[in-house]
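K.L.:
Structure file query-v3.pdb (PDB, C-alpha atoms, pLDDT in the B column) is given on the next line.
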```pdb
ATOM      1  CA  MET A 404     -43.826 144.422-272.171  1.00 45.00           C
ATOM      2  CA  VAL A 405     -44.187 141.292-274.326  1.00 45.00           C
ATOM      3  CA  ASN A 406     -44.819 141.484-278.082  1.00 46.00           C
ATOM      4  CA  GLY A 407     -45.826 145.122-277.724  1.00 47.00           C
ATOM      5  CA  ARG A 408     -48.445 144.277-275.038  1.00 46.00           C
ATOM      6  CA  HIS A 409     -48.253 145.529-271.476  1.00 43.00           C
ATOM      7  CA  PHE A 410     -48.588 142.714-268.867  1.00 42.00           C
ATOM      8  CA  GLU A 411     -47.680 144.465-265.635  1.00 44.00           C
ATOM      9  CA  ASN A 412     -49.977 143.395-262.748  1.00 39.00           C
ATOM     10  CA  THR A 413     -51.582 140.690-264.898  1.00 37.00           C
ATOM     11  CA  LEU A 414     -51.817 137.024-264.040  1.00 37.00           C
ATOM     12  CA  ALA A 415     -53.118 134.551-266.559  1.00 40.00           C
ATOM     13  CA  VAL A 416     -54.247 131.107-265.506  1.00 39.00           C
ATOM     14  CA  GLY A 417     -55.727 129.196-268.414  1.00 40.00           C
ATOM     15  CA  ASP A 418     -58.288 131.549-269.919  1.00 40.00           C
ATOM     16  CA  LEU A 419     -58.597 133.536-266.696  1.00 40.00           C
ATOM     17  CA  LYS A 420     -56.791 136.890-266.485  1.00 42.00           C
ATOM     18  CA  VAL A 421     -56.648 138.888-263.305  1.00 42.00           C
ATOM     19  CA  THR A 422     -55.273 142.368-263.680  1.00 43.00           C
ATOM     20  CA  ASP A 423     -55.393 143.523-260.089  1.00 41.00           C
ATOM     21  CA  LEU A 424     -52.806 142.147-257.656  1.00 40.00           C
ATOM     22  CA  ASP A 425     -55.053 143.102-254.750  1.00 43.00           C
ATOM     23  CA  ASN A 426     -57.713 140.751-256.147  1.00 44.00           C
ATOM     24  CA  ILE A 427     -55.097 137.987-256.365  1.00 44.00           C
ATOM     25  CA  ALA A 428     -54.054 138.546-252.754  1.00 46.00           C
ATOM     26  CA  HIS A 429     -57.707 138.625-251.666  1.00 44.00           C
ATOM     27  CA  GLY A 430     -58.397 135.408-253.582  1.00 46.00           C
ATOM     28  CA  LEU A 431     -55.421 133.641-251.986  1.00 45.00           C
ATOM     29  CA  ALA A 432     -56.491 134.854-248.538  1.00 48.00           C
ATOM     30  CA  HIS A 433     -59.989 133.494-249.222  1.00 44.00           C
ATOM     31  CA  ILE A 434     -58.527 130.116-250.207  1.00 44.00           C
ATOM     32  CA  ASN A 435     -56.483 130.055-246.973  1.00 44.00           C
ATOM     33  CA  ASP A 436     -59.584 130.989-244.930  1.00 46.00           C
ATOM     34  CA  THR A 437     -61.563 128.241-246.653  1.00 44.00           C
ATOM     35  CA  GLU A 438     -58.829 125.692-245.860  1.00 43.00           C
ATOM     36  CA  LYS A 439     -58.834 126.808-242.210  1.00 46.00           C
ATOM     37  CA  GLN A 440     -62.623 126.497-242.094  1.00 46.00           C
ATOM     38  CA  GLN A 441     -62.346 122.973-243.531  1.00 45.00           C
ATOM     39  CA  GLN A 442     -59.769 122.083-240.854  1.00 49.00           C
ATOM     40  CA  ASN A 443     -62.016 123.504-238.117  1.00 59.00           C
ATOM     41  CA  ARG A 444     -65.111 121.757-239.396  1.00 73.00           C
ATOM     42  CA  ALA A 445     -66.434 118.947-237.226  1.00 77.00           C
ATOM     43  CA  GLN A 446     -65.993 115.471-238.672  1.00 87.00           C
ATOM     44  CA  LEU A 447     -68.193 112.821-237.114  1.00 87.00           C
ATOM     45  CA  PHE A 448     -67.168 109.187-236.717  1.00 89.00           C
ATOM     46  CA  ASP A 449     -68.415 106.067-234.979  1.00 89.00           C
ATOM     47  CA  LEU A 450     -66.782 105.424-231.625  1.00 88.00           C
ATOM     48  CA  LYS A 451     -64.895 102.117-231.618  1.00 88.00           C
ATOM     49  CA  ASP A 452     -64.488 102.071-227.843  1.00 88.00           C
ATOM     50  CA  LYS A 453     -67.531 103.432-226.048  1.00 90.00           C
ATOM     51  CA  PRO A 454     -66.595 105.748-223.166  1.00 93.00           C
ATOM     52  CA  ILE A 455     -68.602 103.783-220.584  1.00 94.00           C
ATOM     53  CA  ASP A 456     -67.636 105.961-217.592  1.00 95.00           C
ATOM     54  CA  LEU A 457     -68.668 109.102-219.486  1.00 95.00           C
ATOM     55  CA  MET A 458     -71.950 107.540-220.577  1.00 95.00           C
ATOM     56  CA  LYS A 459     -72.732 106.483-216.987  1.00 97.00           C
ATOM     57  CA  GLU A 460     -72.012 109.944-215.613  1.00 96.00           C
ATOM     58  CA  LEU A 461     -74.066 111.649-218.318  1.00 96.00           C
ATOM     59  CA  SER A 462     -76.939 109.175-217.804  1.00 97.00           C
ATOM     60  CA  ALA A 463     -76.958 109.885-214.063  1.00 97.00           C
ATOM     61  CA  HIS A 464     -76.990 113.615-214.841  1.00 96.00           C
ATOM     62  CA  PHE A 465     -79.822 113.322-217.394  1.00 96.00           C
ATOM     63  CA  GLU A 466     -81.907 111.383-214.817  1.00 96.00           C
ATOM     64  CA  GLU A 467     -82.049 114.711-212.956  1.00 95.00           C
ATOM     65  CA  VAL A 468     -82.974 116.757-216.046  1.00 94.00           C
ATOM     66  CA  PRO A 469     -86.651 116.114-216.871  1.00 93.00           C
ATOM     67  CA  GLU A 470     -86.395 117.951-220.214  1.00 94.00           C
ATOM     68  CA  VAL A 471     -83.995 115.308-221.614  1.00 95.00           C
ATOM     69  CA  HIS A 472     -85.745 112.157-222.843  1.00 96.00           C
ATOM     70  CA  ALA A 473     -82.863 110.430-224.661  1.00 96.00           C
ATOM     71  CA  ALA A 474     -79.202 111.038-225.499  1.00 96.00           C
ATOM     72  CA  TYR A 475     -77.017 109.758-228.333  1.00 95.00           C
ATOM     73  CA  MET A 476     -73.247 109.947-228.748  1.00 95.00           C
ATOM     74  CA  THR A 477     -70.820 109.770-231.646  1.00 92.00           C
ATOM     75  CA  GLY A 478     -67.178 110.725-232.109  1.00 91.00           C
ATOM     76  CA  MET A 479     -66.252 114.203-233.280  1.00 89.00           C
ATOM     77  CA  ARG A 480     -62.931 115.464-234.644  1.00 88.00           C
ATOM     78  CA  VAL A 481     -62.138 119.143-235.132  1.00 84.00           C
ATOM     79  CA  GLY A 482     -58.695 119.694-236.579  1.00 83.00           C
ATOM     80  CA  ASN A 483     -56.484 117.269-234.669  1.00 83.00           C
ATOM     81  CA  LYS A 484     -58.616 117.170-231.488  1.00 85.00           C
ATOM     82  CA  GLU A 485     -61.157 114.471-230.748  1.00 86.00           C
ATOM     83  CA  SER A 486     -64.183 114.651-228.500  1.00 89.00           C
ATOM     84  CA  VAL A 487     -67.789 113.547-228.747  1.00 91.00           C
ATOM     85  CA  MET A 488     -70.966 114.906-230.270  1.00 91.00           C
ATOM     86  CA  LEU A 489     -74.083 114.568-228.134  1.00 92.00           C
ATOM     87  CA  VAL A 490     -77.544 114.588-229.635  1.00 93.00           C
ATOM     88  CA  LEU A 491     -80.246 115.260-227.064  1.00 94.00           C
ATOM     89  CA  ASP A 492     -83.903 114.413-227.518  1.00 94.00           C
ATOM     90  CA  CYS A 493     -85.314 117.061-225.239  1.00 92.00           C
ATOM     91  CA  ASP A 494     -88.210 119.415-224.779  1.00 89.00           C
ATOM     92  CA  GLN A 495     -87.818 122.760-226.450  1.00 84.00           C
ATOM     93  CA  VAL A 496     -86.575 125.203-223.866  1.00 78.00           C
ATOM     94  CA  GLU A 497     -86.035 128.906-224.122  1.00 81.00           C
ATOM     95  CA  ASP A 498     -82.376 128.660-223.120  1.00 81.00           C
ATOM     96  CA  THR A 499     -80.559 125.467-224.188  1.00 84.00           C
ATOM     97  CA  LYS A 500     -77.491 126.664-222.277  1.00 87.00           C
ATOM     98  CA  SER A 501     -79.100 125.434-219.046  1.00 88.00           C
ATOM     99  CA  ILE A 502     -79.185 121.907-220.492  1.00 91.00           C
ATOM    100  CA  PHE A 503     -76.048 121.956-222.650  1.00 92.00           C
ATOM    101  CA  GLN A 504     -73.552 123.567-220.271  1.00 93.00           C
ATOM    102  CA  PRO A 505     -73.669 120.985-217.432  1.00 94.00           C
ATOM    103  CA  ALA A 506     -73.412 118.132-219.977  1.00 94.00           C
ATOM    104  CA  ALA A 507     -70.481 119.878-221.680  1.00 93.00           C
ATOM    105  CA  GLN A 508     -68.674 120.199-218.352  1.00 94.00           C
ATOM    106  CA  ILE A 509     -69.067 116.471-217.712  1.00 95.00           C
ATOM    107  CA  VAL A 510     -67.745 115.596-221.181  1.00 94.00           C
ATOM    108  CA  THR A 511     -64.831 118.027-220.903  1.00 92.00           C
ATOM    109  CA  ARG A 512     -63.627 116.288-217.731  1.00 92.00           C
ATOM    110  CA  HIS A 513     -63.467 113.003-219.669  1.00 91.00           C
ATOM    111  CA  THR A 514     -61.833 114.390-222.838  1.00 87.00           C
ATOM    112  CA  ASN A 515     -58.779 116.153-221.416  1.00 85.00           C
ATOM    113  CA  GLY A 516     -60.443 119.545-221.732  1.00 87.00           C
ATOM    114  CA  THR A 517     -61.714 119.150-225.292  1.00 86.00           C
ATOM    115  CA  PRO A 518     -65.324 120.395-225.387  1.00 88.00           C
ATOM    116  CA  PRO A 519     -68.082 118.353-227.010  1.00 90.00           C
ATOM    117  CA  GLY A 520     -70.512 119.283-229.705  1.00 90.00           C
ATOM    118  CA  ILE A 521     -74.103 119.238-228.467  1.00 91.00           C
ATOM    119  CA  ILE A 522     -77.195 119.492-230.635  1.00 89.00           C
ATOM    120  CA  THR A 523     -80.834 118.517-230.294  1.00 91.00           C
ATOM    121  CA  THR A 524     -82.772 116.059-232.413  1.00 92.00           C
ATOM    122  CA  GLN A 525     -84.350 119.067-234.155  1.00 89.00           C
ATOM    123  CA  HIS A 526     -80.983 119.995-235.720  1.00 87.00           C
ATOM    124  CA  ASP A 527     -80.452 118.925-239.355  1.00 87.00           C
ATOM    125  CA  MET A 528     -77.126 117.265-238.530  1.00 85.00           C
ATOM    126  CA  SER A 529     -78.777 114.940-236.017  1.00 89.00           C
ATOM    127  CA  LYS A 530     -80.530 112.819-238.645  1.00 91.00           C
ATOM    128  CA  SER A 531     -77.403 110.941-239.763  1.00 88.00           C
ATOM    129  CA  ILE A 532     -76.346 110.370-236.145  1.00 91.00           C
ATOM    130  CA  LEU A 533     -79.769 109.062-235.123  1.00 92.00           C
ATOM    131  CA  GLU A 534     -79.806 106.671-238.091  1.00 92.00           C
ATOM    132  CA  ARG A 535     -76.588 104.932-237.055  1.00 90.00           C
ATOM    133  CA  THR A 536     -76.543 105.070-233.255  1.00 92.00           C
ATOM    134  CA  LYS A 537     -78.705 103.905-230.381  1.00 94.00           C
ATOM    135  CA  PRO A 538     -79.342 106.072-227.346  1.00 95.00           C
ATOM    136  CA  PHE A 539     -76.994 105.543-224.426  1.00 96.00           C
ATOM    137  CA  TYR A 540     -79.594 107.201-222.198  1.00 95.00           C
ATOM    138  CA  GLN A 541     -83.337 106.894-222.398  1.00 96.00           C
ATOM    139  CA  GLU A 542     -85.850 107.811-219.707  1.00 91.00           C
TER     140      GLU A 542
END
```
Written as C-alpha coordinates, that's how I'd like the structure from this file.
P.N.:
Amino acid sequence: MVNGRHFENTLAVGDLKVTDLDNIAHGLAHINDTEKQQQNRAQLFDLKDKPIDLMKELSAHFEEVPEVHAAYMTGMRVGNKESVMLVLDCDQVEDTKSIFQPAAQIVTRHTNGTPPGIITTQHDMSKSILERTKPFYQE
(Lines of atoms letter the chains of each structure in order from A and count residues from 1; the text may use other names and numbers.)
(Lines give C-alpha, C1' and ligand atoms only; values in the text may rest on other atoms or scores of the structure.)
Protein backbone atom coordinates (compact mmCIF):
# COMPACT_ATOMS: atom_id res chain seq x y z
CA MET A 1 0.00 0.00 0.00
CA VAL A 2 1.39 3.41 -1.01
CA ASN A 3 -0.14 6.67 0.24
CA GLY A 4 -3.26 4.79 1.30
CA ARG A 5 -3.72 3.29 -2.21
CA HIS A 6 -3.55 -0.42 -2.93
CA PHE A 7 -1.13 -1.28 -5.80
CA GLU A 8 -0.91 -5.06 -5.58
CA ASN A 9 -0.94 -6.68 -9.07
CA THR A 10 -0.68 -3.28 -10.76
CA LEU A 11 1.95 -2.24 -13.26
CA ALA A 12 2.15 1.32 -14.45
CA VAL A 13 4.08 2.23 -17.57
CA GLY A 14 3.67 5.89 -18.42
CA ASP A 15 -0.07 6.48 -18.38
CA LEU A 16 -0.83 2.80 -18.92
CA LYS A 17 -1.91 0.74 -15.90
CA VAL A 18 -2.39 -2.99 -16.09
CA THR A 19 -4.00 -4.53 -13.07
CA ASP A 20 -3.96 -8.17 -14.08
CA LEU A 21 -0.64 -10.04 -13.98
CA ASP A 22 -2.05 -12.65 -16.34
CA ASN A 23 -2.55 -9.89 -18.94
CA ILE A 24 1.07 -8.81 -18.42
CA ALA A 25 2.31 -12.37 -18.91
CA HIS A 26 0.11 -12.76 -22.00
CA GLY A 27 1.40 -9.47 -23.40
CA LEU A 28 5.03 -10.49 -22.86
CA ALA A 29 4.36 -13.88 -24.47
CA HIS A 30 2.80 -12.08 -27.45
CA ILE A 31 5.88 -9.86 -27.78
CA ASN A 32 8.12 -12.96 -27.71
CA ASP A 33 5.93 -14.67 -30.34
CA THR A 34 6.09 -11.56 -32.51
CA GLU A 35 9.90 -11.47 -32.23
CA LYS A 36 10.06 -15.16 -33.20
CA GLN A 37 7.78 -14.50 -36.17
CA GLN A 38 10.05 -11.63 -37.24
CA GLN A 39 13.09 -13.94 -36.99
CA ASN A 40 11.31 -16.62 -39.04
CA ARG A 41 10.13 -14.19 -41.68
CA ALA A 42 11.77 -14.52 -45.07
CA GLN A 43 14.12 -11.69 -46.00
CA LEU A 44 14.91 -11.43 -49.68
CA PHE A 45 18.23 -10.21 -51.06
CA ASP A 46 20.03 -10.04 -54.38
CA LEU A 47 22.44 -12.90 -54.97
CA LYS A 48 26.01 -11.64 -55.37
CA ASP A 49 27.29 -14.95 -56.72
CA LYS A 50 24.78 -16.66 -58.98
CA PRO A 51 24.53 -20.40 -58.29
CA ILE A 52 25.23 -21.38 -61.91
CA ASP A 53 25.13 -25.16 -61.32
CA LEU A 54 21.76 -24.84 -59.58
CA MET A 55 20.38 -22.63 -62.34
CA LYS A 56 21.52 -25.11 -65.01
CA GLU A 57 19.94 -28.06 -63.22
CA LEU A 58 16.68 -26.20 -62.64
CA SER A 59 16.63 -25.00 -66.28
CA ALA A 60 17.09 -28.58 -67.52
CA HIS A 61 14.26 -29.67 -65.21
CA PHE A 62 11.91 -26.86 -66.33
CA GLU A 63 12.54 -27.84 -69.99
CA GLU A 64 10.61 -31.01 -69.11
CA VAL A 65 7.76 -29.15 -67.36
CA PRO A 66 5.54 -27.54 -70.03
CA GLU A 67 3.56 -25.56 -67.43
CA VAL A 68 6.65 -23.48 -66.49
CA HIS A 69 7.36 -20.64 -68.93
CA ALA A 70 10.02 -18.71 -66.98
CA ALA A 71 11.82 -18.87 -63.63
CA TYR A 72 13.44 -16.16 -61.51
CA MET A 73 15.71 -16.49 -58.49
CA THR A 74 16.70 -14.29 -55.57
CA GLY A 75 18.35 -14.93 -52.21
CA MET A 76 16.23 -15.71 -49.17
CA ARG A 77 17.21 -15.67 -45.50
CA VAL A 78 15.04 -17.12 -42.74
CA GLY A 79 16.58 -16.68 -39.32
CA ASN A 80 20.24 -17.54 -39.83
CA LYS A 81 19.72 -19.90 -42.80
CA GLU A 82 20.10 -18.85 -46.41
CA SER A 83 18.54 -20.40 -49.48
CA VAL A 84 16.84 -19.08 -52.59
CA MET A 85 13.38 -17.90 -53.52
CA LEU A 86 12.09 -19.08 -56.88
CA VAL A 87 9.38 -17.24 -58.75
CA LEU A 88 7.77 -19.35 -61.46
CA ASP A 89 5.81 -17.96 -64.38
CA CYS A 90 3.60 -20.97 -64.96
CA ASP A 91 0.15 -22.02 -66.00
CA GLN A 92 -2.36 -22.22 -63.21
CA VAL A 93 -2.57 -25.82 -62.11
CA GLU A 94 -4.86 -27.44 -59.62
CA ASP A 95 -1.99 -28.78 -57.52
CA THR A 96 1.18 -26.63 -57.45
CA LYS A 97 2.88 -29.34 -55.40
CA SER A 98 3.51 -31.30 -58.61
CA ILE A 99 5.54 -28.36 -59.94
CA PHE A 100 7.04 -27.02 -56.71
CA GLN A 101 8.19 -30.24 -55.05
CA PRO A 102 10.65 -31.46 -57.73
CA ALA A 103 12.16 -27.94 -57.98
CA ALA A 104 12.45 -27.77 -54.19
CA GLN A 105 14.30 -31.09 -54.13
CA ILE A 106 16.80 -29.81 -56.68
CA VAL A 107 17.40 -26.61 -54.70
CA THR A 108 17.72 -28.47 -51.40
CA ARG A 109 20.56 -30.58 -52.82
CA HIS A 110 22.45 -27.37 -53.63
CA THR A 111 21.75 -25.55 -50.34
CA ASN A 112 22.93 -28.11 -47.78
CA GLY A 113 19.37 -29.18 -47.04
CA THR A 114 17.87 -25.70 -46.65
CA PRO A 115 14.57 -25.63 -48.57
CA PRO A 116 13.74 -22.82 -50.97
CA GLY A 117 10.77 -20.53 -51.09
CA ILE A 118 8.72 -21.01 -54.25
CA ILE A 119 5.92 -18.75 -55.44
CA THR A 120 4.27 -18.00 -58.75
CA THR A 121 4.14 -14.69 -60.57
CA GLN A 122 0.54 -14.36 -59.36
CA HIS A 123 1.73 -13.98 -55.75
CA ASP A 124 1.89 -10.41 -54.37
CA MET A 125 5.48 -10.88 -53.20
CA SER A 126 6.65 -11.68 -56.72
CA LYS A 127 6.28 -8.12 -58.00
CA SER A 128 9.39 -6.76 -56.26
CA ILE A 129 11.43 -9.79 -57.34
CA LEU A 130 10.33 -9.51 -60.97
CA GLU A 131 11.21 -5.80 -61.01
CA ARG A 132 14.84 -6.39 -60.04
CA THR A 133 15.75 -9.75 -61.56
CA LYS A 134 15.87 -11.34 -64.99
CA PRO A 135 14.72 -14.89 -65.60
CA PHE A 136 17.41 -17.54 -65.42
CA TYR A 137 15.10 -19.84 -67.38
CA GLN A 138 12.76 -18.92 -70.19
CA GLU A 139 11.14 -21.28 -72.68
K.L.:
Pick the closest to Phe465 in chain A from A:Ile532, A:Leu491, A:Ile522, A:Val496: which is it, counting only C-alpha atoms?
P.N.:
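Closest candidate: A:Leu491.
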K.L.:
Given all atoms listed in the file as the basis, pick out the residue of A:Gln495, A:Gln446, A:Thr477, A:Thr514 nearest to Leu533 in chain A.
P.N.:
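Of the candidates, the smallest distance to Leu533 in chain A is held by A:Thr477.
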K.L.:
Given the file above and the PyMOL selection byres ((chain A and resi 471) around 8), which residues are selected, and can you give them as a PDB file with C-alpha atoms, in the coordinates of the input?
P.N.:
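The new file part-v1.pdb reads:
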```pdb
ATOM      1  CA  PHE A 465     -79.822 113.322-217.394  1.00 96.00           C
ATOM      2  CA  VAL A 468     -82.974 116.757-216.046  1.00 94.00           C
ATOM      3  CA  PRO A 469     -86.651 116.114-216.871  1.00 93.00           C
ATOM      4  CA  GLU A 470     -86.395 117.951-220.214  1.00 94.00           C
ATOM      5  CA  HIS A 472     -85.745 112.157-222.843  1.00 96.00           C
ATOM      6  CA  ALA A 473     -82.863 110.430-224.661  1.00 96.00           C
ATOM      7  CA  ALA A 474     -79.202 111.038-225.499  1.00 96.00           C
ATOM      8  CA  LEU A 491     -80.246 115.260-227.064  1.00 94.00           C
ATOM      9  CA  ASP A 492     -83.903 114.413-227.518  1.00 94.00           C
ATOM     10  CA  CYS A 493     -85.314 117.061-225.239  1.00 92.00           C
ATOM     11  CA  ASP A 494     -88.210 119.415-224.779  1.00 89.00           C
ATOM     12  CA  GLU A 542     -85.850 107.811-219.707  1.00 91.00           C
TER      13      GLU A 542
END
```
K.L.:
I want to know what sits within 10 Å of Lys484 in chain A, based on only C-alpha atoms, with residues of the same chain fewer than 3 positions away left out; could you give that as a CSV table (one decimal) with C-alpha atoms, keeping the file's coordinate frame?
P.N.:
```
chain,number,residue,atom,x,y,z
A,443,ASN,CA,-62.0,123.5,-238.1
A,445,ALA,CA,-66.4,118.9,-237.2
A,479,MET,CA,-66.3,114.2,-233.3
A,480,ARG,CA,-62.9,115.5,-234.6
A,481,VAL,CA,-62.1,119.1,-235.1
A,514,THR,CA,-61.8,114.4,-222.8
A,517,THR,CA,-61.7,119.2,-225.3
A,518,PRO,CA,-65.3,120.4,-225.4
```
K.L.:
Using all atoms listed in the file, can you tell me which of A:Ser531, A:Lys537, A:Leu457, A:His526 comes closest to Ala507 in chain A?
P.N.:
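Smallest separation from Ala507 in chain A among the options: A:Leu457.
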K.L.:
Excluding same-chain residues fewer than 5 positions from Tyr475 in chain A, what lies within 7 Å of it counting all atoms listed in the file, as a PDB file with C-alpha atoms, in the frame of the given file?
P.N.:
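The resulting file, result-v1.pdb, is reproduced below:
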```pdb
ATOM      1  CA  LEU A 489     -74.083 114.568-228.134  1.00 92.00           C
ATOM      2  CA  VAL A 490     -77.544 114.588-229.635  1.00 93.00           C
ATOM      3  CA  LEU A 491     -80.246 115.260-227.064  1.00 94.00           C
ATOM      4  CA  THR A 536     -76.543 105.070-233.255  1.00 92.00           C
ATOM      5  CA  LYS A 537     -78.705 103.905-230.381  1.00 94.00           C
ATOM      6  CA  PRO A 538     -79.342 106.072-227.346  1.00 95.00           C
ATOM      7  CA  PHE A 539     -76.994 105.543-224.426  1.00 96.00           C
TER       8      PHE A 539
END
```
K.L.:
I'd like the residues picked by the PyMOL selection byres ((chain A and resi 504) around 12) written out as a ChimeraX atom specification, using the chain letters and numbers from the file.
P.N.:
/A:464,489,498-503,505-511,518-522
K.L.:
Could you give me, as a tab-separated table (two decimals) with C-alpha atoms, keeping the file's coordinate frame, the residues that sit within 7 Å of (-66.1, 107.5, -230.6) in the file's coordinates, counting only C-alpha atoms?
P.N.:
```tsv
chain	number	residue	atom	x	y	z
A	448	PHE	CA	-67.17	109.19	-236.72
A	449	ASP	CA	-68.42	106.07	-234.98
A	450	LEU	CA	-66.78	105.42	-231.62
A	451	LYS	CA	-64.90	102.12	-231.62
A	452	ASP	CA	-64.49	102.07	-227.84
A	453	LYS	CA	-67.53	103.43	-226.05
A	477	THR	CA	-70.82	109.77	-231.65
A	478	GLY	CA	-67.18	110.72	-232.11
A	487	VAL	CA	-67.79	113.55	-228.75
```
K.L.:
What gap, in Å, lies between CA of Ser462 in chain A and CA of Gln541 in chain A?
P.N.:
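If I compute the distance from CA of Ser462 in chain A to CA of Gln541 in chain A, I get 8.2 Å.
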K.L.:
May I ask which of the residues A:Ala463, A:Arg512, A:Arg444, A:Asp456 is the closest one to Gly482 in chain A, counting all atoms listed in the file?
P.N.:
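Closest residue, counting all atoms listed in the file: A:Arg444.
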K.L.:
Expressed in Å to a single decimal, how great is the separation between CA of Thr523 in chain A and CA of Met488 in chain A?
P.N.:
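Interatomic distance here is 10.5 Å.
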K.L.:
By how many Å are CA of Met528 in chain A and CA of Ser486 in chain A apart?
P.N.:
16.6 Å
